[in-house]
file my_file19.txt (compact mmCIF, C-alpha atoms)
# COMPACT_ATOMS: atom_id res chain seq x y z
CA MET X 1079 0.00 0.00 0.00
CA THR X 1080 1.38 3.43 -0.88
CA VAL X 1081 1.25 6.42 1.46
CA THR X 1082 -1.55 7.84 -0.73
CA ASP X 1083 -3.62 4.62 -0.48
CA GLU X 1084 -3.21 4.52 3.30
CA ALA X 1085 -4.11 8.18 3.70
CA MET X 1086 -7.19 7.95 1.48
CA ASN X 1087 -8.52 5.16 3.67
CA GLY X 1088 -8.56 7.60 6.64
CA SER X 1089 -11.77 8.99 8.03
CA ASP X 1090 -10.81 12.57 7.09
CA GLY X 1091 -10.74 11.76 3.36
CA GLY X 1092 -6.92 11.78 3.34
CA GLY X 1093 -6.24 15.49 3.02
CA GLU X 1094 -4.89 16.25 6.47
CA ARG X 1095 -3.15 12.90 6.72
CA LEU X 1096 -1.42 13.42 3.37
CA ARG X 1097 -0.32 16.87 4.46
CA ARG X 1098 1.23 15.42 7.61
CA TRP X 1099 2.96 12.66 5.67
CA ARG X 1100 4.37 15.25 3.30
CA LEU X 1101 5.81 17.26 6.21
CA VAL X 1102 7.27 14.11 7.78
CA LEU X 1103 8.81 12.74 4.57
CA GLY X 1104 10.30 16.03 3.44
CA GLY X 1105 9.11 16.31 -0.14
CA ASP X 1106 11.56 13.98 -1.84
CA LYS X 1107 10.22 12.63 -5.13
CA ALA X 1108 9.92 9.18 -3.57
CA ASP X 1109 7.71 10.30 -0.71
CA GLY X 1110 4.59 9.14 -2.59
CA THR X 1111 2.24 11.89 -1.40
CA GLY X 1112 2.06 14.14 -4.45
CA VAL X 1113 1.18 17.01 -2.09
CA SER X 1114 2.26 20.60 -2.69
CA LEU X 1115 2.54 22.85 0.32
CA THR X 1116 1.21 26.38 0.55
CA GLY X 1117 1.07 29.21 3.10
CA ASP X 1118 2.46 28.52 6.56
CA ASP X 1119 3.15 24.89 5.65
CA VAL X 1120 6.03 26.08 3.46
CA ARG X 1121 7.74 27.72 6.45
CA ILE X 1122 7.03 24.70 8.66
CA ASP X 1123 8.59 22.45 6.05
CA GLY X 1124 11.59 24.76 5.79
CA ALA X 1125 12.13 24.74 9.55
CA LEU X 1126 12.00 20.93 9.63
CA GLU X 1127 14.29 20.63 6.61
CA LYS X 1128 16.97 22.82 8.16
CA LEU X 1129 17.15 20.54 11.18
CA TYR X 1130 16.22 17.10 9.83
CA GLY X 1131 17.18 17.42 6.17
CA ALA X 1132 18.78 14.57 4.26
CA GLY X 1133 22.20 13.42 5.37
CA ASP X 1134 24.32 10.34 5.97
CA ASP X 1135 23.92 8.37 9.15
CA ASP X 1136 26.74 10.44 10.64
CA GLY X 1137 24.84 13.67 9.94
CA ARG X 1138 26.95 14.86 6.98
CA PRO X 1139 25.14 16.00 3.84
CA ARG X 1140 24.76 13.72 0.86
CA PRO X 1141 26.05 15.01 -2.49
CA GLY X 1142 23.36 16.48 -4.73
CA ARG X 1143 20.65 16.67 -2.08
CA ARG X 1144 19.45 19.35 0.30
CA SER X 1145 20.99 18.90 3.72
CA ALA X 1146 20.41 20.04 7.26
CA GLY X 1147 21.88 23.34 8.34
CA LEU X 1148 20.83 26.61 9.93
CA GLY X 1149 23.53 28.81 8.47
CA ASP X 1150 26.53 30.17 10.28
CA SER X 1151 25.17 33.33 11.86
CA ALA X 1152 23.19 34.14 14.96
CA PRO X 1153 20.51 36.08 13.00
CA SER X 1154 19.71 33.11 10.75
CA VAL X 1155 19.47 30.78 13.75
CA ALA X 1156 17.33 33.32 15.61
CA ARG X 1157 14.93 33.44 12.65
CA TRP X 1158 14.71 29.65 12.67
CA LEU X 1159 14.02 29.67 16.43
CA GLY X 1160 11.27 32.20 15.85
CA ASP X 1161 9.72 30.00 13.17
CA ILE X 1162 9.61 26.86 15.28
CA ARG X 1163 8.17 28.75 18.25
CA ALA X 1164 5.45 30.15 15.98
CA TYR X 1165 4.41 26.81 14.47
CA PHE X 1166 5.07 24.14 17.11
CA PRO X 1167 3.95 23.68 20.75
CA SER X 1168 6.48 24.39 23.49
CA SER X 1169 7.19 20.70 24.20
CA VAL X 1170 8.10 20.11 20.53
CA VAL X 1171 10.18 23.30 20.40
CA GLN X 1172 12.29 22.05 23.30
CA VAL X 1173 12.95 18.73 21.53
CA MET X 1174 13.90 20.52 18.29
CA GLN X 1175 16.24 22.90 20.13
CA LYS X 1176 17.95 19.98 21.85
CA ASP X 1177 18.32 18.18 18.52
CA ALA X 1178 19.71 21.32 16.88
CA ILE X 1179 22.36 21.76 19.58
CA GLU X 1180 23.42 18.12 19.26
CA ARG X 1181 23.11 17.62 15.48
CA LEU X 1182 24.21 21.01 14.17
CA ASP X 1183 26.73 22.08 16.82
CA LEU X 1184 25.06 25.33 17.85
CA THR X 1185 27.05 25.57 21.07
CA ARG X 1186 29.20 28.42 19.76
CA LEU X 1187 26.20 30.51 18.79
CA LEU X 1188 24.66 30.08 22.25
CA LEU X 1189 27.37 32.45 23.47
CA GLU X 1190 25.53 35.27 21.71
CA PRO X 1191 23.00 37.13 23.91
CA GLU X 1192 20.55 37.59 21.02
CA MET X 1193 20.49 33.82 20.62
CA LEU X 1194 19.72 33.29 24.28
CA ASP X 1195 16.88 35.78 24.06
CA ALA X 1196 15.35 33.76 21.20
CA VAL X 1197 15.44 30.24 22.61
CA GLU X 1198 12.72 28.44 24.56
CA PRO X 1199 14.16 27.88 28.07
CA ASP X 1200 14.21 24.27 29.23
CA VAL X 1201 16.27 21.87 31.33
CA HIS X 1202 18.42 20.70 28.41
CA LEU X 1203 19.30 24.26 27.45
CA VAL X 1204 20.24 25.03 31.06
CA GLY X 1205 22.55 22.00 31.03
CA THR X 1206 24.23 23.27 27.86
CA LEU X 1207 24.66 26.76 29.33
CA LEU X 1208 26.16 25.34 32.51
CA SER X 1209 28.70 23.41 30.46
CA LEU X 1210 29.65 26.76 28.83
CA ASN X 1211 29.68 28.63 32.13
CA ARG X 1212 33.42 29.26 32.21
CA VAL X 1213 33.57 30.59 28.64
CA LEU X 1214 30.41 32.72 28.55
CA PRO X 1215 31.34 36.28 27.56
CA ASP X 1216 30.18 39.02 29.94
CA ARG X 1217 27.61 40.30 27.43
CA ALA X 1218 25.92 36.87 27.31
CA ARG X 1219 26.19 36.00 31.01
CA GLU X 1220 23.15 37.97 32.16
CA SER X 1221 21.03 36.52 29.35
CA ALA X 1222 22.17 33.05 30.40
CA ARG X 1223 21.23 33.76 34.01
CA ALA X 1224 17.79 34.92 32.88
CA VAL X 1225 17.28 31.62 31.01
CA VAL X 1226 18.39 29.58 34.03
CA ARG X 1227 16.29 31.69 36.40
CA LYS X 1228 13.13 31.13 34.34
CA VAL X 1229 13.63 27.35 34.19
CA VAL X 1230 14.37 27.15 37.92
CA HIS X 1231 11.30 29.24 38.74
CA ASP X 1232 9.08 26.99 36.60
CA LEU X 1233 10.49 23.85 38.22
CA GLU X 1234 10.04 25.22 41.74
CA ARG X 1235 6.45 26.13 40.98
CA ARG X 1236 5.81 22.61 39.67
CA LEU X 1237 7.65 20.61 42.31
CA ALA X 1238 8.02 22.56 45.56
CA GLN X 1239 4.56 22.13 47.08
CA ARG X 1240 4.39 18.40 46.32
CA THR X 1241 7.84 17.93 47.85
CA ARG X 1242 7.02 19.81 51.06
CA SER X 1243 3.69 17.97 51.38
CA ALA X 1244 5.12 14.47 50.85
CA ILE X 1245 8.13 14.98 53.11
CA GLY X 1246 6.20 16.88 55.76
CA GLY X 1247 3.65 14.06 55.93
CA ALA X 1248 6.40 11.46 56.24
CA LEU X 1249 8.07 13.40 59.05
CA ASP X 1250 4.74 13.71 60.90
CA ARG X 1251 4.07 9.99 60.51
CA SER X 1252 7.53 9.14 61.78
CA ALA X 1253 6.83 11.26 64.87
CA ARG X 1254 3.63 9.40 65.89
CA VAL X 1255 3.63 7.48 69.12
CA LEU X 1256 1.64 4.37 70.11
CA ARG X 1257 1.29 5.27 73.79
CA PRO X 1258 0.15 8.87 74.05
CA ARG X 1259 0.27 10.06 77.67
CA ARG X 1260 -2.55 12.59 77.40
CA LEU X 1261 -5.95 12.49 75.72
CA ALA X 1262 -4.99 15.70 73.93
CA ASP X 1263 -2.19 13.78 72.19
CA VAL X 1264 -4.51 11.07 70.76
CA ASP X 1265 -5.01 11.11 66.98
CA TRP X 1266 -8.65 10.00 67.17
CA GLU X 1267 -9.20 9.64 63.42
CA ARG X 1268 -6.33 7.18 63.01
CA THR X 1269 -7.11 5.46 66.29
CA ILE X 1270 -10.70 4.75 65.16
CA ARG X 1271 -9.54 3.48 61.75
CA ALA X 1272 -7.00 1.18 63.40
CA ASN X 1273 -9.65 -0.32 65.73
CA LEU X 1274 -12.69 -0.70 63.48
CA ARG X 1275 -12.68 -4.46 63.95
CA ASN X 1276 -13.40 -3.84 67.63
CA TYR X 1277 -16.73 -2.10 66.97
CA LEU X 1278 -19.58 -3.48 69.15
CA PRO X 1279 -22.85 -2.89 67.25
CA GLU X 1280 -25.05 -3.99 70.15
CA HIS X 1281 -23.58 -1.21 72.27
CA GLY X 1282 -23.00 1.25 69.42
CA THR X 1283 -19.44 1.80 70.52
CA LEU X 1284 -15.88 0.95 69.63
CA VAL X 1285 -13.33 -0.47 72.06
CA PRO X 1286 -9.80 0.69 71.12
CA GLU X 1287 -7.12 -1.89 71.81
CA ARG X 1288 -4.38 0.60 70.99
CA LEU X 1289 -4.17 4.36 70.79
CA ILE X 1290 -2.28 6.26 68.11
CA GLY X 1291 -0.97 9.62 69.23
CA TYR X 1292 0.59 12.69 67.69
CA GLY X 1293 4.25 13.15 68.32
CA ARG X 1294 4.96 16.32 70.21
CA ARG X 1295 5.68 19.00 67.64
CA GLN X 1296 9.26 20.15 67.89
CA GLN X 1297 11.17 22.83 66.06
CA ALA X 1298 14.29 20.67 66.20
CA VAL X 1299 15.73 19.19 63.01
CA LYS X 1300 14.34 15.68 62.51
CA ARG X 1301 16.46 14.49 59.58
CA ASP X 1302 19.78 15.39 57.98
CA VAL X 1303 19.82 15.14 54.18
CA VAL X 1304 23.04 15.15 52.15
CA LEU X 1305 22.73 15.48 48.38
CA ALA X 1306 25.89 14.50 46.50
CA ILE X 1307 25.65 15.31 42.79
CA ASP X 1308 27.93 13.99 40.06
CA GLN X 1309 28.57 16.91 37.70
CA SER X 1310 30.04 14.93 34.81
CA GLY X 1311 28.64 16.00 31.43
CA SER X 1312 26.13 13.14 31.14
CA MET X 1313 24.44 14.21 34.38
CA ALA X 1314 23.41 17.72 33.24
CA ALA X 1315 19.63 17.34 33.66
CA SER X 1316 20.11 15.60 37.02
CA VAL X 1317 22.23 18.51 38.26
CA VAL X 1318 19.47 20.97 37.37
CA TYR X 1319 16.70 19.03 39.08
CA ALA X 1320 18.81 18.14 42.13
CA SER X 1321 19.74 21.79 42.67
CA VAL X 1322 16.08 22.80 42.66
CA PHE X 1323 15.13 20.00 45.05
CA GLY X 1324 18.07 20.92 47.27
CA ALA X 1325 16.74 24.46 47.60
CA VAL X 1326 13.24 23.17 48.42
CA LEU X 1327 14.54 20.76 51.07
CA ALA X 1328 16.71 23.50 52.57
CA SER X 1329 13.58 25.64 53.04
CA MET X 1330 12.09 23.02 55.40
CA ARG X 1331 13.10 23.72 59.00
CA SER X 1332 12.65 20.09 60.04
CA LEU X 1333 15.48 19.10 57.68
CA ARG X 1334 19.15 20.01 57.70
CA THR X 1335 20.18 19.85 54.04
CA SER X 1336 23.69 19.83 52.61
CA LEU X 1337 24.51 19.90 48.90
CA VAL X 1338 27.82 18.73 47.44
CA VAL X 1339 28.81 18.61 43.76
CA PHE X 1340 31.78 16.68 42.50
CA ASP X 1341 33.88 15.59 39.55
CA THR X 1342 37.50 14.84 40.49
CA ASN X 1343 37.14 17.62 43.06
CA VAL X 1344 34.45 18.19 45.67
CA VAL X 1345 32.65 21.51 46.15
CA ASP X 1346 30.26 22.15 49.03
CA LEU X 1347 27.48 24.51 47.88
CA THR X 1348 25.34 24.28 51.01
CA ASP X 1349 25.71 27.99 51.77
CA GLN X 1350 24.13 28.81 48.39
CA LEU X 1351 21.04 26.63 48.77
CA HIS X 1352 18.85 29.68 49.31
CA ASP X 1353 19.29 30.43 45.59
CA PRO X 1354 19.30 27.44 43.21
CA VAL X 1355 20.45 29.68 40.35
CA GLU X 1356 23.65 30.41 42.29
CA VAL X 1357 23.99 26.71 43.01
CA LEU X 1358 23.80 25.90 39.31
CA PHE X 1359 26.35 28.53 38.35
CA GLY X 1360 28.57 27.11 41.06
CA THR X 1361 28.74 23.79 39.22
CA GLN X 1362 31.07 22.91 36.37
CA LEU X 1363 29.73 20.21 34.08
CA GLY X 1364 32.23 17.89 32.47
CA GLY X 1365 35.53 16.38 33.53
CA GLY X 1366 36.32 13.18 35.36
CA THR X 1367 34.62 11.58 38.34
CA ASP X 1368 35.91 10.59 41.77
CA ILE X 1369 32.88 9.23 43.61
CA ASN X 1370 35.00 7.81 46.43
CA ARG X 1371 36.39 11.25 47.20
CA ALA X 1372 32.88 12.74 47.24
CA VAL X 1373 31.52 10.03 49.55
CA ALA X 1374 34.50 10.53 51.86
CA TYR X 1375 33.61 14.22 52.15
CA CYS X 1376 29.94 13.41 52.78
CA GLN X 1377 30.97 10.90 55.43
CA GLY X 1378 32.54 13.79 57.31
CA LEU X 1379 29.20 15.64 57.30
CA VAL X 1380 27.37 12.84 59.13
CA THR X 1381 26.87 13.57 62.83
CA ARG X 1382 23.61 11.64 63.43
CA PRO X 1383 23.85 8.43 61.37
CA ASN X 1384 20.44 7.06 62.31
CA ASP X 1385 18.76 10.31 61.25
CA THR X 1386 20.77 10.91 58.06
CA ILE X 1387 19.81 10.27 54.43
CA LEU X 1388 22.63 10.39 51.86
CA VAL X 1389 21.37 10.73 48.28
CA LEU X 1390 24.16 10.03 45.79
CA ILE X 1391 23.17 11.05 42.26
CA SER X 1392 25.64 9.50 39.82
CA ASP X 1393 25.93 7.17 36.84
CA LEU X 1394 28.56 5.33 38.94
CA TYR X 1395 31.37 5.52 36.37
CA GLU X 1396 34.09 5.72 38.97
CA GLY X 1397 37.47 7.29 38.26
CA GLY X 1398 38.60 7.00 41.86
CA ILE X 1399 39.32 4.01 44.07
CA ARG X 1400 36.40 1.62 43.64
CA ASP X 1401 37.15 -0.76 46.54
CA GLU X 1402 37.52 2.16 48.93
CA LEU X 1403 34.20 3.60 47.72
CA LEU X 1404 32.42 0.33 48.49
CA ARG X 1405 34.04 0.14 51.94
CA ARG X 1406 32.87 3.68 52.72
CA VAL X 1407 29.29 2.96 51.64
CA ALA X 1408 29.29 -0.24 53.71
CA ALA X 1409 30.53 1.70 56.76
CA LEU X 1410 27.85 4.36 56.30
CA THR X 1411 25.00 1.84 56.09
CA ALA X 1412 26.39 -0.14 59.04
CA ALA X 1413 26.35 3.06 61.10
CA GLY X 1414 22.67 3.57 60.27
CA VAL X 1415 22.83 6.07 57.41
CA GLN X 1416 20.09 5.61 54.80
CA VAL X 1417 22.04 5.62 51.52
CA VAL X 1418 20.12 6.15 48.26
CA VAL X 1419 21.81 5.98 44.84
CA LEU X 1420 20.04 7.61 41.91
CA LEU X 1421 21.50 6.76 38.51
CA ALA X 1422 19.64 9.79 37.13
CA LEU X 1423 17.16 12.37 38.37
CA SER X 1424 15.51 13.33 35.11
CA ASP X 1425 12.78 12.58 32.57
CA GLU X 1426 15.24 11.32 29.96
CA GLY X 1427 14.38 7.64 30.20
CA ALA X 1428 16.69 4.73 31.03
CA PRO X 1429 20.18 6.10 31.82
CA ALA X 1430 23.58 4.71 30.90
CA TYR X 1431 25.45 3.64 34.03
CA ASP X 1432 28.12 1.30 35.39
CA HIS X 1433 26.21 -1.95 35.94
CA GLU X 1434 29.05 -3.61 37.84
CA ASN X 1435 29.22 -0.86 40.44
CA ALA X 1436 25.42 -0.78 40.71
CA ALA X 1437 25.39 -4.53 41.40
CA ALA X 1438 28.15 -4.16 44.02
CA LEU X 1439 26.13 -1.48 45.82
CA ALA X 1440 22.99 -3.64 45.67
CA ALA X 1441 24.95 -6.42 47.36
CA LEU X 1442 25.57 -3.96 50.20
CA GLY X 1443 21.83 -3.33 50.50
CA VAL X 1444 21.98 -0.04 48.59
CA PRO X 1445 19.80 -0.29 45.47
CA ALA X 1446 20.66 1.99 42.55
CA PHE X 1447 17.89 3.14 40.23
CA ALA X 1448 16.77 6.10 38.15
CA CYS X 1449 14.11 8.45 39.43
CA THR X 1450 11.96 11.02 37.68
CA PRO X 1451 11.54 14.49 39.23
CA ASP X 1452 7.83 13.80 39.77
CA ALA X 1453 8.63 10.67 41.80
CA PHE X 1454 11.41 12.23 43.90
CA PRO X 1455 9.14 13.65 46.66
CA GLU X 1456 7.63 10.21 47.30
CA LEU X 1457 11.11 8.66 47.23
CA MET X 1458 12.28 11.01 49.97
CA ALA X 1459 9.14 10.27 51.98
CA ALA X 1460 9.86 6.54 51.66
CA ALA X 1461 13.46 7.10 52.79
CA ILE X 1462 12.35 9.13 55.82
CA GLU X 1463 9.99 6.32 56.83
CA ARG X 1464 12.74 3.77 56.16
CA ARG X 1465 10.63 1.79 53.77
CA ASP X 1466 12.24 -0.79 51.48
CA LEU X 1467 13.57 1.42 48.66
CA LYS X 1468 14.27 -1.50 46.34
CA GLU X 1469 10.63 -2.51 46.59
CA TRP X 1470 9.60 1.14 46.16
CA SER X 1471 11.67 1.51 42.97
CA GLU X 1472 10.24 -1.69 41.47
CA ARG X 1473 6.72 -0.32 41.86
CA GLN X 1474 7.56 2.76 39.78
CA PRO X 1475 6.59 2.85 36.05
CA ALA X 1476 9.35 1.53 33.80
CA SER X 1477 11.41 4.12 31.93
CA PRO X 1478 10.66 4.34 28.19
call {"tool": "encode", "arguments": {"input": "my_file19.txt", "output": "structure tokens"}}
result
Amino acid sequence: MTVTDEAMNGSDGGGERLRRWRLVLGGDKADGTGVSLTGDDVRIDGALEKLYGAGDDDGRPRPGRRSAGLGDSAPSVARWLGDIRAYFPSSVVQVMQKDAIERLDLTRLLLEPEMLDAVEPDVHLVGTLLSLNRVLPDRARESARAVVRKVVHDLERRLAQRTRSAIGGALDRSARVLRPRRLADVDWERTIRANLRNYLPEHGTLVPERLIGYGRRQQAVKRDVVLAIDQSGSMAASVVYASVFGAVLASMRSLRTSLVVFDTNVVDLTDQLHDPVEVLFGTQLGGGTDINRAVAYCQGLVTRPNDTILVLISDLYEGGIRDELLRRVAALTAAGVQVVVLLALSDEGAPAYDHENAAALAALGVPAFACTPDAFPELMAAAIERRDLKEWSERQPASP
């Protein structure tokens, strides 16, 4: 069946479906649609052709055929960015921008402030800008900060309330007592639910076998949280999300939150947690990785092992001393620290990671798994309540 035959069998008579096939296939003589584009469709087709035009598998143009390319100047790229923002929804624009940066090497042009003013801010763009942080010219730096600030603000608005709610609930539950000393401390709603089987219908009453009470509210810190973030280039999106979550956790008075980023060096950014934009510009994506060195530093931050959660966010490609890393993690867990290893904290699907190191950590009782930003609040709640995190991770939807 040809494309035309398939389209004509559609319920819309084939017109719209043929148009879409034409835009997908790019207008080569062999596309089989026979459709000519008019009006805005011509500009849509041009925008797609510049990014996804014909080329070899390695992305180089084929002789005698149109090939992908946006030109070599910021104005031409800015026009293309304007076109895709006019004709595609924001989610598609973000994918096309990411593809353009990777396929057409637009990194150099992102140093131009007019380019930064034209792009659609998203997590991937922030990651690219952070990797360029040390070479951004002064005239582009403020534009870059504005891009990062907008993305961070959007993420905080999306994630902050859910995070505070999930973690606050877990902390409250962990503070409940089973032998309240005063009637004022009894949580009657939960007590009734827990004793429903003891209801006596003939007397119209319920006999509670056990009382569930509220823990006395304290202003003291209930948990220490240490976030250790691998800032190697492959972890860009995870760095962005982890920095935002770090700022949210730091805003909760019942938690004492520390944030450490590392490559072959370790940088403690805890004093900047009030501003996740500053945290992000304090990172330096790229370089090697010494996870053992980072864990050693985090080990020195632990003062209350039984009340400490260490979240290590890394793909586990270790450039340091592997055996020493495993010994440190074993010592931390033996002391009572809840160690969580996230292979990625992003929406990017199944991550690449060192399977051998992940298996070695699992043998120590420390499961390693990827986590989406939407699932992170519940993960932290599960860690606070000391639930089985391996079981928790297996209940999460599989990555695409």
call {"tool": "residues_near_point", "arguments": {"input": "my_file19.txt", "point": "(20.3, 4.3, 28.5)", "cutoff": "12 Å", "atoms": "all atoms listed in the file", "output": "list of chain:residue names"}}
result
X:Ser1312, X:Asp1393, X:Leu1421, X:Ala1422, X:Asp1425, X:Glu1426, X:Gly1427, X:Ala1428, X:Pro1429, X:Ala1430, X:Tyr1431, X:Asp1432, X:His1433, X:Ala1448, X:Ser1477, X:Pro1478
call {"tool": "atom_distance", "arguments": {"input": "my_file19.txt", "atom1": "CA of Gly1365 (chain X)", "atom2": "CA of Asp1308 (chain X)"}}
result
10.3 Å
call {"tool": "residues_around", "arguments": {"input": "my_file19.txt", "residues": "Ala1222 (chain X)", "least_positions_apart": "2", "cutoff": "9 Å", "atoms": "all atoms listed in the file", "output": "PyMOL selection string"}}
result
chain X and resi 1189+1191+1194-1195+1204+1207-1208+1211+1214+1218-1220+1224-1227
call {"tool": "residues_around", "arguments": {"input": "my_file19.txt", "residues": "Lys1228 (chain X)", "least_positions_apart": "6", "cutoff": "10 Å", "atoms": "only C-alpha atoms", "output": "PyMOL selection string"}}
result
chain X and resi 1199-1200+1204+1234+1355
call {"tool": "closest_residue", "arguments": {"input": "my_file19.txt", "among": "X:Ile1307, X:Leu1379, X:Ala1461, X:Leu1404", "to": "Thr1361 (chain X)", "atoms": "only C-alpha atoms"}}
result
X:Ile1307
call {"tool": "atom_distance", "arguments": {"input": "my_file19.txt", "atom1": "CA of Ala1413 (chain X)", "atom2": "CA of Asn1384 (chain X)"}}
result
7.2 Å
call {"tool": "closest_residue", "arguments": {"input": "my_file19.txt", "among": "X:Leu1420, X:Val1303, X:Val1344, X:Leu1126", "to": "Pro1383 (chain X)", "atoms": "all atoms listed in the file"}}
result
X:Val1303
call {"tool": "atom_distance", "arguments": {"input": "my_file19.txt", "atom1": "CA of Thr1386 (chain X)", "atom2": "CA of Val1304 (chain X)"}}
result
7.6 Å
call {"tool": "closest_residue", "arguments": {"input": "my_file19.txt", "among": "X:Gln1309, X:Arg1382, X:Cys1376, X:Asn1370", "to": "Leu1403 (chain X)", "atoms": "only C-alpha atoms"}}
result
X:Asn1370
call {"tool": "residues_around", "arguments": {"input": "my_file19.txt", "residues": "Trp1470 (chain X)", "least_positions_apart": "6", "cutoff": "12 Å", "atoms": "all atoms listed in the file", "output": "NGL selection string"}}
result
:X and (1418 or 1445-1449 or 1453-1454 or 1456-1461 or 1463-1464)
call {"tool": "closest_residue", "arguments": {"input": "my_file19.txt", "among": "X:Lys1468, X:Arg1181, X:Arg1240, X:Lys1300", "to": "Ala1440 (chain X)", "atoms": "all atoms listed in the file"}}
result
X:Lys1468
call {"tool": "axis_aligned_box", "arguments": {"input": "my_file19.txt", "around": "region 1169-1184 of chain X", "padding_each_side": "6 Å", "output": "lines of an AutoDock Vina configuration file"}}
result
center_x = 17.0
center_y = 21.5
center_z = 19.2
size_x = 31.5
size_y = 19.7
size_z = 22.0
call {"tool": "residues_around", "arguments": {"input": "my_file19.txt", "residues": "Gly1205 (chain X)", "least_positions_apart": "5", "cutoff": "9 Å", "atoms": "all atoms listed in the file", "output": "MDAnalysis selection string"}}
result
chainID X and resid 1200 1210 1311 1313:1315 1317:1318 1363
call {"tool": "closest_residue", "arguments": {"input": "my_file19.txt", "among": "X:Glu1472, X:Val1170, X:Val1113, X:Val1380", "to": "Ala1409 (chain X)", "atoms": "only C-alpha atoms"}}
result
X:Val1380
call {"tool": "residues_near_point", "arguments": {"input": "my_file19.txt", "point": "(39.9, 2.1, 40.7)", "cutoff": "12 Å", "atoms": "all atoms listed in the file", "output": "JSON, numbers by chain"}}
result
{"X": [1367, 1368, 1369, 1370, 1371, 1394, 1395, 1396, 1397, 1398, 1399, 1400, 1401, 1402, 1403, 1404, 1435]}
call {"tool": "residues_around", "arguments": {"input": "my_file19.txt", "residues": "Lys1176 (chain X)", "least_positions_apart": "5", "cutoff": "12 Å", "atoms": "all atoms listed in the file", "output": "list in words"}}
result
Leu1129, Leu1159, Ser1169, Val1170, Val1171, Arg1181, Leu1182, Asp1183, Leu1184, Thr1185, Val1197, Glu1198, Pro1199, Asp1200, Val1201, His1202, Leu1203, Val1204, Gly1205 and Thr1206 of chain X
call {"tool": "write_last_selection", "arguments": {"input": "my_file19.txt", "atoms": "C-alpha atoms", "output": "mmCIF file, in the frame of the given file"}}
result
data_model
loop_
_atom_site.group_PDB
_atom_site.id
_atom_site.type_symbol
_atom_site.label_atom_id
_atom_site.label_comp_id
_atom_site.auth_asym_id
_atom_site.auth_seq_id
_atom_site.Cartn_x
_atom_site.Cartn_y
_atom_site.Cartn_z
ATOM 1 C CA LEU X 1129 17.150 20.540 11.180
ATOM 2 C CA LEU X 1159 14.020 29.670 16.430
ATOM 3 C CA SER X 1169 7.190 20.700 24.200
ATOM 4 C CA VAL X 1170 8.100 20.110 20.530
ATOM 5 C CA VAL X 1171 10.180 23.300 20.400
ATOM 6 C CA ARG X 1181 23.110 17.620 15.480
ATOM 7 C CA LEU X 1182 24.210 21.010 14.170
ATOM 8 C CA ASP X 1183 26.730 22.080 16.820
ATOM 9 C CA LEU X 1184 25.060 25.330 17.850
ATOM 10 C CA THR X 1185 27.050 25.570 21.070
ATOM 11 C CA VAL X 1197 15.440 30.240 22.610
ATOM 12 C CA GLU X 1198 12.720 28.440 24.560
ATOM 13 C CA PRO X 1199 14.160 27.880 28.070
ATOM 14 C CA ASP X 1200 14.210 24.270 29.230
ATOM 15 C CA VAL X 1201 16.270 21.870 31.330
ATOM 16 C CA HIS X 1202 18.420 20.700 28.410
ATOM 17 C CA LEU X 1203 19.300 24.260 27.450
ATOM 18 C CA VAL X 1204 20.240 25.030 31.060
ATOM 19 C CA GLY X 1205 22.550 22.000 31.030
ATOM 20 C CA THR X 1206 24.230 23.270 27.860
#
call {"tool": "closest_residue", "arguments": {"input": "my_file19.txt", "among": "X:Val1357, X:Met1174, X:Ile1245, X:Leu1188", "to": "Ser1332 (chain X)", "atoms": "only C-alpha atoms"}}
result
X:Ile1245
